[in-house]
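Asker: Sharing input30.cif below, mmCIF, C-alpha atoms:
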```
data_run
#
loop_
_atom_site.label_atom_id
_atom_site.label_comp_id
_atom_site.auth_asym_id
_atom_site.auth_seq_id
_atom_site.Cartn_x
_atom_site.Cartn_y
_atom_site.Cartn_z
CA MET A 19 -8.93 58.76 -37.61
CA SER A 20 -8.41 62.19 -39.11
CA GLU A 21 -10.39 64.12 -36.52
CA PRO A 22 -8.58 66.98 -34.89
CA VAL A 23 -7.81 66.56 -31.23
CA ARG A 24 -10.43 68.31 -29.13
CA GLN A 25 -9.93 69.52 -25.67
CA GLY A 26 -12.60 69.81 -22.96
CA GLY A 27 -16.33 69.51 -23.53
CA ALA A 28 -18.21 66.35 -24.37
CA ASN A 29 -15.64 63.96 -25.70
CA PRO A 30 -16.77 61.94 -28.70
CA THR A 31 -13.75 59.66 -28.41
CA ILE A 32 -15.18 58.22 -25.19
CA MET A 33 -18.23 57.15 -27.15
CA GLN A 34 -16.04 55.67 -29.89
CA SER A 35 -13.87 53.83 -27.40
CA GLY A 36 -16.97 52.41 -25.76
CA LEU A 37 -18.29 51.23 -29.12
CA ILE A 38 -14.99 49.61 -30.05
CA LEU A 39 -14.87 47.88 -26.71
CA ALA A 40 -18.46 46.68 -27.11
CA ALA A 41 -17.70 45.35 -30.59
CA VAL A 42 -14.63 43.47 -29.38
CA ALA A 43 -16.63 42.07 -26.47
CA ALA A 44 -19.32 40.85 -28.87
CA ILE A 45 -16.74 39.19 -31.14
CA CYS A 46 -14.98 37.53 -28.22
CA THR A 47 -18.27 36.29 -26.76
CA THR A 48 -19.24 34.81 -30.12
CA LEU A 49 -15.90 33.03 -30.32
CA VAL A 50 -16.30 31.53 -26.86
CA ALA A 51 -19.92 30.57 -27.57
CA LEU A 52 -18.92 28.81 -30.81
CA THR A 53 -16.15 26.86 -29.08
CA PHE A 54 -18.52 25.97 -26.26
CA ASN A 55 -21.07 24.65 -28.72
CA MET A 56 -18.49 22.63 -30.61
CA THR A 57 -16.99 21.03 -27.52
CA ARG A 58 -20.10 20.65 -25.35
CA ASP A 59 -20.99 17.09 -26.37
CA ARG A 60 -17.42 15.84 -26.12
CA ILE A 61 -17.04 17.39 -22.67
CA ALA A 62 -20.31 15.89 -21.43
CA ALA A 63 -19.27 12.48 -22.79
CA ASN A 64 -15.85 12.78 -21.14
CA GLU A 65 -17.41 13.67 -17.82
CA GLN A 66 -19.82 10.76 -18.04
CA ALA A 67 -16.98 8.38 -18.91
CA PHE A 68 -14.89 9.68 -16.02
CA LEU A 69 -17.82 9.28 -13.64
CA GLU A 70 -18.44 5.70 -14.71
CA GLN A 71 -14.74 4.91 -14.37
CA SER A 72 -14.72 6.38 -10.87
CA LEU A 73 -17.93 4.56 -9.95
CA ALA A 74 -16.33 1.22 -10.64
CA ARG A 75 -13.14 2.22 -8.82
CA VAL A 76 -14.84 2.77 -5.45
CA LEU A 77 -16.42 -0.66 -5.74
CA SER A 78 -13.26 -2.77 -5.75
CA GLY A 79 -13.91 -6.22 -4.37
CA ILE A 80 -17.68 -5.99 -4.76
CA SER A 81 -19.30 -8.02 -7.47
CA PHE A 82 -22.31 -6.52 -9.17
CA ASN A 83 -24.02 -6.97 -12.49
CA ASN A 84 -26.47 -4.14 -13.02
CA ASP A 85 -26.08 -1.10 -15.27
CA LEU A 86 -24.99 1.64 -12.90
CA SER A 87 -25.96 4.57 -15.11
CA ALA A 88 -29.49 3.20 -15.44
CA SER A 89 -29.81 2.85 -11.67
CA ALA A 90 -29.33 6.56 -11.02
CA LEU A 91 -31.70 8.13 -8.54
CA VAL A 92 -31.80 11.91 -8.41
CA VAL A 93 -32.45 13.22 -4.92
CA ARG A 94 -33.80 16.73 -5.23
CA VAL A 95 -33.12 19.51 -2.78
CA PRO A 96 -33.89 19.87 0.02
CA HIS A 97 -32.47 16.57 1.14
CA GLY A 98 -30.54 15.29 4.13
CA LEU A 99 -27.38 14.75 2.07
CA PRO A 100 -24.45 17.18 1.92
CA GLY A 101 -24.75 19.95 -0.63
CA LYS A 102 -27.22 22.48 -1.92
CA GLU A 103 -27.68 20.86 -5.32
CA ASN A 104 -29.52 17.72 -6.30
CA ALA A 105 -27.59 14.63 -5.26
CA ILE A 106 -27.35 11.44 -7.30
CA ILE A 107 -27.47 7.92 -5.91
CA TYR A 108 -26.43 4.91 -8.00
CA ARG A 109 -27.82 1.64 -6.72
CA VAL A 110 -25.47 -1.32 -7.05
CA LEU A 111 -27.20 -4.69 -7.38
CA ASN A 112 -25.99 -8.23 -7.77
CA ASP A 113 -28.70 -10.47 -9.28
CA SER A 114 -31.26 -7.86 -8.16
CA ALA A 115 -30.09 -8.02 -4.55
CA PRO A 116 -28.82 -4.66 -3.25
CA VAL A 117 -25.12 -4.73 -2.41
CA ALA A 118 -24.09 -1.07 -2.26
CA ALA A 119 -25.03 2.51 -3.05
CA LEU A 120 -22.89 5.24 -4.59
CA PHE A 121 -23.56 8.88 -3.68
CA VAL A 122 -22.53 11.90 -5.71
CA VAL A 123 -22.77 14.74 -3.19
CA THR A 124 -21.19 18.15 -2.67
CA ALA A 125 -19.32 19.27 0.42
CA THR A 126 -20.16 22.97 0.42
CA ASP A 127 -17.62 24.05 3.01
CA GLY A 128 -14.33 23.38 1.22
CA PHE A 129 -11.54 25.92 1.61
CA THR A 130 -11.94 27.41 -1.87
CA GLY A 131 -15.42 26.34 -2.87
CA PRO A 132 -17.56 23.25 -3.08
CA ILE A 133 -15.99 19.79 -3.37
CA LYS A 134 -17.88 17.22 -5.40
CA LEU A 135 -17.50 13.80 -3.84
CA LEU A 136 -18.27 10.25 -4.82
CA ILE A 137 -18.97 8.11 -1.78
CA GLY A 138 -19.56 4.37 -1.95
CA ILE A 139 -21.33 2.61 0.92
CA ASP A 140 -22.02 -1.12 1.00
CA TYR A 141 -25.35 -2.56 2.10
CA ASP A 142 -24.13 -3.07 5.65
CA GLY A 143 -23.19 0.59 6.00
CA ALA A 144 -19.40 0.43 5.54
CA VAL A 145 -17.70 2.90 3.21
CA THR A 146 -16.26 1.16 0.14
CA GLY A 147 -14.37 4.22 -1.01
CA VAL A 148 -14.42 7.99 -1.44
CA ARG A 149 -13.13 10.06 -4.37
CA ALA A 150 -12.99 13.78 -5.02
CA LEU A 151 -14.62 14.28 -8.42
CA GLU A 152 -14.27 18.05 -8.69
CA HIS A 153 -12.61 20.61 -6.45
CA LYS A 154 -10.63 23.83 -6.54
CA GLU A 155 -8.60 23.31 -3.37
CA THR A 156 -5.17 24.89 -2.95
CA PRO A 157 -2.55 23.11 -5.09
CA GLY A 158 -0.06 21.18 -2.98
CA ILE A 159 -2.16 21.50 0.20
CA GLY A 160 -5.92 20.91 -0.02
CA ALA A 161 -5.56 19.47 -3.51
CA LEU A 162 -3.97 16.39 -1.93
CA ILE A 163 -7.52 15.08 -1.55
CA ASP A 164 -7.13 14.05 -5.19
CA GLU A 165 -6.19 10.38 -5.35
CA ASN A 166 -3.56 11.18 -7.98
CA ARG A 167 -1.79 13.45 -5.52
CA SER A 168 -1.90 11.54 -2.24
CA ASP A 169 -3.36 8.47 -0.58
CA TRP A 170 -5.28 10.50 1.97
CA ILE A 171 -8.73 9.89 0.48
CA TYR A 172 -8.21 6.11 0.61
CA GLN A 173 -8.36 6.07 4.42
CA PHE A 174 -12.16 6.22 4.34
CA ALA A 175 -12.51 2.73 2.85
CA GLY A 176 -13.74 0.40 5.57
CA THR A 177 -14.99 3.11 7.90
CA SER A 178 -18.59 3.07 9.06
CA LEU A 179 -20.76 4.77 11.66
CA ASN A 180 -19.32 2.39 14.27
CA ALA A 181 -15.71 2.45 13.15
CA PRO A 182 -14.54 4.90 14.33
CA GLU A 183 -17.10 5.49 17.08
CA ARG A 184 -19.75 8.08 16.27
CA SER A 185 -18.19 10.56 18.68
CA ALA A 186 -14.79 10.13 16.99
CA TRP A 187 -16.05 10.94 13.47
CA ALA A 188 -13.89 14.04 13.15
CA ILE A 189 -10.33 14.94 12.24
CA ARG A 190 -7.69 14.54 14.94
CA ARG A 191 -7.35 18.27 15.36
CA ASP A 192 -11.02 18.36 16.42
CA GLY A 193 -10.53 15.44 18.80
CA GLY A 194 -11.58 12.72 16.38
CA GLU A 195 -9.78 9.71 15.01
CA ILE A 196 -9.48 10.56 11.32
CA ASP A 197 -6.19 11.87 9.95
CA GLN A 198 -6.29 15.34 8.45
CA LEU A 199 -4.13 16.62 5.63
CA THR A 200 -1.35 18.77 7.05
CA GLY A 201 -2.22 22.43 6.56
CA ALA A 202 -5.64 21.62 5.16
CA SER A 203 -7.89 21.10 8.18
CA VAL A 204 -10.76 23.01 6.56
CA THR A 205 -10.69 20.78 3.50
CA SER A 206 -10.29 17.62 5.58
CA ARG A 207 -13.10 18.61 7.94
CA ALA A 208 -15.43 19.32 5.01
CA ILE A 209 -14.89 15.86 3.56
CA VAL A 210 -15.12 14.03 6.89
CA ASN A 211 -18.39 15.79 7.66
CA ALA A 212 -19.78 15.04 4.21
CA VAL A 213 -18.92 11.33 4.50
CA ASN A 214 -20.40 11.16 7.97
CA GLN A 215 -23.60 12.90 6.90
CA THR A 216 -23.93 10.55 3.93
CA LEU A 217 -23.50 7.53 6.22
CA LEU A 218 -26.24 8.85 8.51
CA TYR A 219 -28.51 9.43 5.52
CA PHE A 220 -27.88 5.90 4.27
CA GLU A 221 -28.62 4.43 7.68
CA ALA A 222 -31.92 6.31 7.88
CA ASN A 223 -33.08 5.80 4.28
CA ARG A 224 -31.55 2.53 3.13
CA ASP A 225 -34.77 0.74 2.26
CA GLU A 226 -36.28 3.72 0.44
CA ILE A 227 -33.10 4.13 -1.59
CA PHE A 228 -33.25 0.61 -2.95
CA THR A 229 -37.02 0.51 -3.54
CA ALA A 230 -37.37 3.89 -5.28
CA ARG A 231 -37.76 3.80 -9.06
CA ALA A 232 -34.82 5.06 -11.11
CA ASP A 233 -34.84 8.82 -11.72
CA SER A 234 -38.05 9.12 -9.76
CA GLY A 235 -37.05 12.19 -7.81
CA ASN A 236 -37.43 12.57 -4.09
CA THR A 237 -36.78 9.82 -1.68
CA ASP A 238 -38.75 11.04 1.25
CA GLU A 239 -37.21 11.26 4.60
CA MET B 7 19.44 42.28 -26.77
CA SER B 8 20.66 40.55 -29.92
CA ASP B 9 19.67 41.76 -33.39
CA GLN B 10 16.05 42.70 -32.94
CA ASN B 11 15.06 42.17 -36.50
CA SER B 12 16.42 38.87 -37.72
CA ILE B 13 14.27 35.81 -37.24
CA ALA B 14 17.05 33.90 -35.52
CA GLY B 15 17.75 36.86 -33.28
CA ARG B 16 14.13 37.03 -32.22
CA LEU B 17 14.06 33.31 -31.43
CA VAL B 18 17.28 33.47 -29.44
CA ASP B 19 15.79 36.41 -27.56
CA GLY B 20 12.66 34.49 -26.55
CA PHE B 21 14.40 31.25 -25.70
CA TRP B 22 17.46 32.71 -24.02
CA HIS B 23 18.20 36.43 -23.59
CA HIS B 24 14.67 37.47 -22.65
CA ASN B 25 13.14 34.14 -21.68
CA PRO B 26 9.94 35.13 -19.83
CA GLY B 27 10.49 32.65 -17.01
CA LEU B 28 14.27 32.58 -16.78
CA VAL B 29 15.14 36.26 -17.23
CA GLN B 30 12.00 38.35 -16.90
CA LEU B 31 10.73 36.04 -14.12
CA LEU B 32 7.14 36.47 -15.32
CA GLY B 33 4.34 33.99 -14.84
CA LEU B 34 6.02 32.34 -11.88
CA CYS B 35 2.78 31.17 -10.24
CA PRO B 36 1.88 28.55 -12.89
CA LEU B 37 5.55 27.92 -13.60
CA LEU B 38 6.25 26.89 -10.03
CA ALA B 39 2.93 25.20 -9.35
CA VAL B 40 2.50 22.78 -12.24
CA THR B 41 6.05 21.70 -12.95
CA SER B 42 5.93 18.69 -10.64
CA THR B 43 5.96 16.40 -13.67
CA PHE B 44 7.15 16.69 -17.24
CA VAL B 45 3.75 16.08 -18.80
CA ASN B 46 2.15 18.82 -16.67
CA GLY B 47 4.86 21.25 -17.71
CA LEU B 48 4.49 20.31 -21.35
CA GLY B 49 0.69 20.61 -21.24
CA LEU B 50 0.65 24.03 -19.61
CA GLY B 51 3.62 25.14 -21.73
CA LEU B 52 1.80 24.29 -24.96
CA ALA B 53 -1.40 25.97 -23.75
CA THR B 54 0.52 29.12 -22.82
CA LEU B 55 2.41 29.05 -26.12
CA VAL B 56 -0.84 28.92 -28.10
CA VAL B 57 -2.53 31.66 -26.04
CA LEU B 58 0.52 33.93 -26.17
CA THR B 59 0.97 33.53 -29.92
CA MET B 60 -2.71 34.05 -30.71
CA SER B 61 -3.05 37.01 -28.39
CA ASN B 62 0.05 38.59 -29.94
CA VAL B 63 -1.38 38.13 -33.44
CA LEU B 64 -4.83 39.45 -32.49
CA VAL B 65 -3.49 42.44 -30.58
CA SER B 66 -1.12 43.26 -33.41
CA ALA B 67 -3.81 42.88 -36.07
CA THR B 68 -6.18 45.18 -34.21
CA ARG B 69 -3.58 47.64 -32.96
CA ARG B 70 -4.92 50.39 -35.25
CA TRP B 71 -8.25 50.33 -33.44
CA ILE B 72 -6.94 49.82 -29.95
CA ARG B 73 -7.00 53.22 -28.34
CA ASN B 74 -4.62 53.97 -25.61
CA GLU B 75 -7.25 54.47 -22.89
CA ILE B 76 -9.03 51.15 -23.53
CA ARG B 77 -6.05 48.98 -24.40
CA ILE B 78 -5.90 47.08 -21.10
CA PRO B 79 -9.61 46.03 -21.16
CA MET B 80 -9.10 45.01 -24.79
CA TYR B 81 -6.11 42.83 -23.93
CA VAL B 82 -8.02 41.28 -21.05
CA LEU B 83 -11.01 40.53 -23.27
CA ILE B 84 -8.89 38.99 -26.01
CA ILE B 85 -6.74 36.93 -23.65
CA ALA B 86 -9.64 35.77 -21.47
CA SER B 87 -11.64 34.62 -24.51
CA LEU B 88 -8.66 32.74 -25.91
CA VAL B 89 -7.99 31.04 -22.60
CA THR B 90 -11.65 30.05 -22.21
CA CYS B 91 -11.59 28.47 -25.68
CA ILE B 92 -8.34 26.64 -24.92
CA GLU B 93 -9.79 25.40 -21.64
CA LEU B 94 -12.87 24.02 -23.41
CA ILE B 95 -10.68 22.36 -26.04
CA PHE B 96 -8.52 20.78 -23.33
CA LYS B 97 -11.62 19.52 -21.54
CA ALA B 98 -12.87 17.97 -24.77
CA GLY B 99 -9.57 16.63 -26.09
CA PHE B 100 -7.42 15.86 -23.06
CA PRO B 101 -9.79 15.42 -20.10
CA ALA B 102 -7.26 13.64 -17.89
CA LEU B 103 -4.59 16.28 -18.43
CA ASP B 104 -7.18 18.98 -17.80
CA ARG B 105 -7.96 17.41 -14.44
CA SER B 106 -4.27 17.14 -13.65
CA LEU B 107 -3.57 20.81 -14.48
CA GLY B 108 -6.75 21.84 -12.68
CA ILE B 109 -7.12 25.53 -12.05
CA PHE B 110 -3.93 26.50 -13.92
CA ILE B 111 -5.45 26.42 -17.39
CA PRO B 112 -8.01 29.15 -16.56
CA LEU B 113 -5.28 30.96 -14.63
CA ILE B 114 -3.30 31.49 -17.87
CA VAL B 115 -5.46 34.63 -18.08
CA THR B 116 -3.47 36.10 -15.25
CA ASN B 117 -0.07 35.15 -16.64
CA CYS B 118 1.54 38.57 -16.84
CA ALA B 119 3.98 37.32 -19.48
CA ILE B 120 1.09 37.41 -21.95
CA VAL B 121 -0.16 40.93 -21.14
CA ALA B 122 3.46 42.06 -21.08
CA ARG B 123 4.09 40.87 -24.63
CA ALA B 124 0.80 42.40 -25.83
CA GLU B 125 1.71 45.75 -24.30
CA VAL B 126 5.44 45.86 -24.99
CA PHE B 127 5.62 44.15 -28.34
CA ALA B 128 2.43 43.23 -30.20
CA SER B 129 0.79 46.65 -29.89
CA ARG B 130 3.75 48.23 -31.69
CA ASN B 131 4.84 45.70 -34.28
CA SER B 132 3.58 44.00 -37.42
CA VAL B 133 1.51 40.84 -37.31
CA ALA B 134 4.35 38.72 -38.69
CA SER B 135 6.93 39.79 -36.13
CA SER B 136 4.32 39.56 -33.34
CA LEU B 137 3.61 35.99 -34.41
CA LEU B 138 7.31 35.23 -34.29
CA ASP B 139 7.65 36.96 -30.93
CA GLY B 140 4.75 34.94 -29.53
CA LEU B 141 6.29 31.69 -30.74
CA ALA B 142 9.71 32.59 -29.36
CA MET B 143 8.53 33.86 -25.98
CA GLY B 144 5.92 31.11 -25.59
CA GLY B 145 8.44 28.53 -26.72
CA GLY B 146 11.00 29.77 -24.22
CA PHE B 147 8.43 29.63 -21.45
CA ALA B 148 7.24 26.15 -22.48
CA LEU B 149 10.80 24.86 -22.69
CA LEU B 150 11.53 26.12 -19.18
CA LEU B 151 8.33 24.48 -17.87
CA CYS B 152 9.34 21.19 -19.49
CA ALA B 153 12.89 21.37 -18.15
CA LEU B 154 11.76 22.11 -14.61
CA GLY B 155 9.10 19.41 -14.83
CA PHE B 156 11.64 16.90 -16.09
CA VAL B 157 14.14 17.60 -13.31
CA ARG B 158 11.59 17.74 -10.50
CA GLU B 159 9.92 14.54 -11.67
CA LEU B 160 13.27 12.77 -11.93
CA VAL B 161 14.40 13.85 -8.47
CA GLY B 162 11.02 13.72 -6.74
CA HIS B 163 9.32 10.68 -8.27
CA GLY B 164 12.34 8.91 -9.73
CA SER B 165 10.56 8.66 -13.07
CA VAL B 166 11.00 10.10 -16.56
CA PHE B 167 8.12 11.17 -18.82
CA ALA B 168 5.48 9.50 -16.62
CA ARG B 169 1.87 9.67 -17.83
CA LEU B 170 2.82 11.10 -21.20
CA ASP B 171 -0.26 9.24 -22.43
CA LEU B 172 -2.34 12.04 -20.87
CA LEU B 173 -1.26 14.28 -23.72
CA ILE B 174 -0.40 11.99 -26.59
CA GLY B 175 -2.68 9.02 -25.99
CA GLY B 176 -1.89 5.36 -26.35
CA ASP B 177 0.14 3.41 -23.84
CA VAL B 178 3.46 3.16 -25.63
CA LEU B 179 4.89 6.31 -24.12
CA ASN B 180 4.10 5.70 -20.51
CA GLY B 181 7.45 6.70 -19.11
CA LEU B 182 10.12 4.92 -17.16
CA GLN B 183 10.15 4.33 -13.44
CA LEU B 184 13.84 4.50 -12.64
CA LEU B 185 13.69 4.55 -8.87
CA ASP B 186 11.15 3.55 -6.29
CA GLY B 187 10.11 6.87 -4.80
CA GLY B 188 12.35 9.90 -4.63
CA PHE B 189 13.31 13.04 -2.82
CA LEU B 190 9.95 14.50 -1.79
CA LEU B 191 11.20 18.07 -1.41
CA ALA B 192 11.60 18.37 -5.19
CA LEU B 193 7.85 17.92 -5.61
CA LEU B 194 6.84 20.42 -2.94
CA PRO B 195 6.65 24.17 -3.61
CA PRO B 196 10.11 24.88 -2.14
CA GLY B 197 11.56 22.36 -4.58
CA ALA B 198 10.11 24.44 -7.40
CA PHE B 199 11.92 27.53 -6.12
CA PHE B 200 15.19 25.60 -5.78
CA ALA B 201 14.87 24.22 -9.30
CA LEU B 202 14.07 27.62 -10.79
CA GLY B 203 16.88 29.27 -8.80
CA LEU B 204 19.37 26.70 -10.09
CA ALA B 205 18.12 27.20 -13.65
CA VAL B 206 18.53 31.00 -13.42
CA ALA B 207 21.97 30.60 -11.85
CA GLY B 208 23.00 28.14 -14.55
CA LYS B 209 21.88 30.51 -17.29
CA ASN B 210 23.80 33.41 -15.73
CA ALA B 211 26.92 31.27 -15.33
CA ILE B 212 26.83 30.28 -18.98
CA ASP B 213 26.33 33.90 -20.05
CA GLN B 214 29.23 35.04 -17.91
CA ARG B 215 31.55 32.38 -19.22
CA ARG B 216 30.66 33.34 -22.78
CA ARG B 217 31.27 37.02 -22.05
CA GLU B 218 34.63 36.23 -20.55
CA ALA B 219 35.55 34.04 -23.50
CA ALA B 220 34.51 36.79 -25.92
CA GLY B 221 36.45 39.40 -23.95
CA PHE B 222 39.53 37.16 -23.92
CA ARG B 223 39.39 36.71 -27.67
CA LEU B 224 38.98 40.45 -28.20
CA SER B 225 41.97 41.24 -26.08
CA ILE B 226 44.30 39.08 -28.16
#
```
Will you turn the file into structure tokens for me?
Answerer:
Amino acid sequence: MSEPVRQGGANPTIMQSGLILAAVAAICTTLVALTFNMTRDRIAANEQAFLEQSLARVLSGISFNNDLSASALVVRVPHGLPGKENAIIYRVLNDSAPVAALFVVTATDGFTGPIKLLIGIDYDGAVTGVRALEHKETPGIGALIDENRSDWIYQFAGTSLNAPERSAWAIRRDGGEIDQLTGASVTSRAIVNAVNQTLLYFEANRDEIFTARADSGNTDE
Amino acid sequence: MSDQNSIAGRLVDGFWHHNPGLVQLLGLCPLLAVTSTFVNGLGLGLATLVVLTMSNVLVSATRRWIRNEIRIPMYVLIIASLVTCIELIFKAGFPALDRSLGIFIPLIVTNCAIVARAEVFASRNSVASSLLDGLAMGGGFALLLCALGFVRELVGHGSVFARLDLLIGGDVLNGLQLLDGGFLLALLPPGAFFALGLAVAGKNAIDQRRREAAGFRLSI
């Protein structure tokens, strides 16, 4: 720029700086948008594959023969399940007889944001397994809910509304019988509450869950 | 500082004399947090290397138009866009590794080693030497991440190169389980500080020994 340096008064360089910044912002946004478009399908496919893998993993020991993805039931808000977004229920059938249901729900009260959970419950109301699908919990502390980082999340398998007793469905620090992660009571409490709430929902709505048509929207409470 | 201008000198600078993690102690948050295994260190190291090199090149290429008063927002824009692209590419290409690194890929934005190189080096030097500087500094950082990851995994898990398939694919390179379990402290955050402290001490000891050797030779 060959302009002489001006002092005081309306400063045209502010305008120029603003324009340069706007141009760079536009270029950067375009770049991100292009990458997003190129990777979107792969990312969606990866997430779907991961979900299906996880679905089967919380069903160890249960035989079933229906297509889980096709059994998805979207439960729209407001619903009695944890979370402020639509929840998804996969119905697990063996020769058309219901054997279990898988819930994708969100515990909204995690320490650093929502925790997306996959909760499997068999037809008799016992938890078959719980997995954290997505979370942003503190590395090394709350992030131990991830099955790759600790065994903590496995303790839910086999629990039900009667084991432990309904009054003991809380972490030990709150007087319950479920182990918390050291230093992560908020995270632990969020997950325990979400599992408990899902169990209650299953108990109250079991028949509707298995009779509703796939993707049909609300199961009424 | 060794010869600023030779290619070898620049590389030695990034990997040794001015290693961002070992000497400048920049970017410690990701460095300490993800180095619990070798593959995590390698994954984040490569991502940081790519972002640092590309941001150096872009900042250097546009340095004529970057005015002093808006340079920081410009750096932030460039670096944040690059990191977002890298994150999307990781999610598409290496979903398992992305889950394992979690929040630390987006957090590369806040790695001060990258802004530091943009400000100190790339904004004042040619594209070619900025590219080289990015490779050297990023390489030094990545190497340190790998080394810490290797040691902490060996001591903490008793394994070597576990889950390398997350990055490379296939099941040939799935690592060796040498011991059943290990020394848990190495995996916890304090273990990261111990490992880094030992690495810094080791580097200083080597430097001192070399200085003494050089001084001895000179005095003959």
Asker: Skipping near chain neighbours, those fewer than 3 positions away, what residues fall within 10 Å of A:Leu179 using all atoms listed in the file, listed as a list in words?
Answerer: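 Result of the neighbour search: Gly143, Ala144, Val145, Pro182, Glu183, Arg184, Ser185, Ala186, Trp187, Val213, Asn214, Gln215, Leu217, Leu218 and Glu221 of chain A.
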Asker: What are the closest atom pairs, with distances in Å to one decimal, for all residues of chain A lying within 7 Å of chain B? Consider only C-alpha atoms, order rows by chain and residue number, and present the result as a Markdown table.
Answerer:
```
| residue | atom | partner | partner_atom | distance |
| --- | --- | --- | --- | --- |
| A:Ser35 | CA | B:Ile76 | CA | 6.8 |
| A:Leu39 | CA | B:Met80 | CA | 6.7 |
| A:Ala43 | CA | B:Leu83 | CA | 6.6 |
| A:Cys46 | CA | B:Ser87 | CA | 5.8 |
| A:Val50 | CA | B:Cys91 | CA | 5.7 |
| A:Thr53 | CA | B:Cys91 | CA | 5.9 |
| A:Phe54 | CA | B:Leu94 | CA | 6.6 |
| A:Thr57 | CA | B:Ala98 | CA | 5.8 |
| A:Arg60 | CA | B:Ala98 | CA | 5.2 |
| A:Ile61 | CA | B:Ala98 | CA | 4.7 |
| A:Asn64 | CA | B:Pro101 | CA | 6.7 |
| A:Lys154 | CA | B:Ile109 | CA | 6.8 |
| A:Gly158 | CA | B:Leu194 | CA | 6.9 |
```
Asker: Mind giving me the straight-line distance from atom CA of B:Phe167 to atom CA of A:Val148 in Å, one decimal?
Answerer: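 Answer for the atom CA of B:Phe167 to atom CA of A:Val148 separation: 28.6 Å.
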Asker: With the PyMOL selection byres ((chain B and resi 33) around 10) as the selection, what would be picked from this file? Answer as an MDAnalysis selection string, please.
Answerer: chainID B and resid 26:27 30:32 34:38 114 116:120 147
Asker: For atom CA of B:Leu191 and atom CA of A:Thr156, determine how far apart the two atoms are, in Å to one decimal place.
Answerer: 17.8 Å
Asker: What is the distance between atom CA of B:Ser129 and atom CA of B:Ala67, in Å to one decimal?
Answerer: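 Interatomic distance here is 8.6 Å.
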Asker: The PyMOL selection byres ((chain A and resi 228) around 10) - which residues does that actually catch in the file I just gave you? List them as a list in words.
Answerer: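 Selected by the PyMOL selection byres ((chain A and resi 228) around 10) here: Ser89, Leu91, Ile107, Tyr108, Arg109, Val110, Leu111, Ala115, Pro116, Val117, Ala118, Ala119, Tyr141, Asn223, Arg224, Asp225, Glu226, Ile227, Thr229, Ala230, Arg231, Ala232 and Thr237 of chain A.
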Asker: So, counting all atoms listed in the file, which residue among A:Thr31, A:Thr146, A:Ser206, A:Thr124 is closest to A:Tyr172?
Answerer: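 Among the listed residues, the smallest separation from A:Tyr172 belongs to A:Thr146.
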Asker: Counting all atoms listed in the file, I want the residues whose atoms come within 10 Å of (3.6, 20.3, -24.2) in the file frame, returned as JSON, numbers by chain.
Answerer: {"B": [44, 45, 46, 47, 48, 49, 50, 51, 52, 53, 54, 55, 145, 148, 149, 151, 152, 170, 173, 174]}
Asker: For B:Gly15, which residue among B:Ala142, B:Ala153, B:Ala198, B:Leu137 is the nearest when counting all atoms listed in the file?
Answerer: B:Ala142
Asker: Run through the PyMOL selection byres ((chain A and resi 190-204) around 10) on the given coordinates and return the selected residues as a PyMOL selection string.
Answerer: chain A and resi 127-130+155-156+158-163+168+170-171+173-174+177+181-189+205-210
Asker: Pick from A:Leu69, A:Ala62, A:Leu120, A:Ala125: nearest to A:Glu103, with all atoms listed in the file counted?
Answerer: A:Ala125
Asker: Point out the residue among B:Ala219, B:Val29, B:Asp104, B:Ala128 with the least atom-to-atom distance to B:Gly203, counting all atoms listed in the file.
Answerer: B:Val29
Asker: Box time for stretch 36-51 of chain B: axis-aligned, enclosing all its listed atoms, 3 Å extra on each side; report centre and edge lengths in Å to one decimal, as AutoDock Vina command-line options.
Answerer:
```
--center_x 3.9 --center_y 22.3 --center_z -15.5 --size_x 12.5 --size_y 18.5 --size_z 18.4
```
Asker: Would you please work out which residue, of B:Asn131, B:Pro196, B:Ser42, B:Ala122, is nearest to B:Arg158 when using all atoms listed in the file?
Answerer: B:Ser42
Asker: Up to 12 Å from (-27.5, 14.8, -3.0) in the file's coordinates: name the residues, counting only C-alpha atoms, as a ChimeraX atom specification.
Answerer: /A:90-108,120-126,134-137,212-213,215-216,219-220,235-237
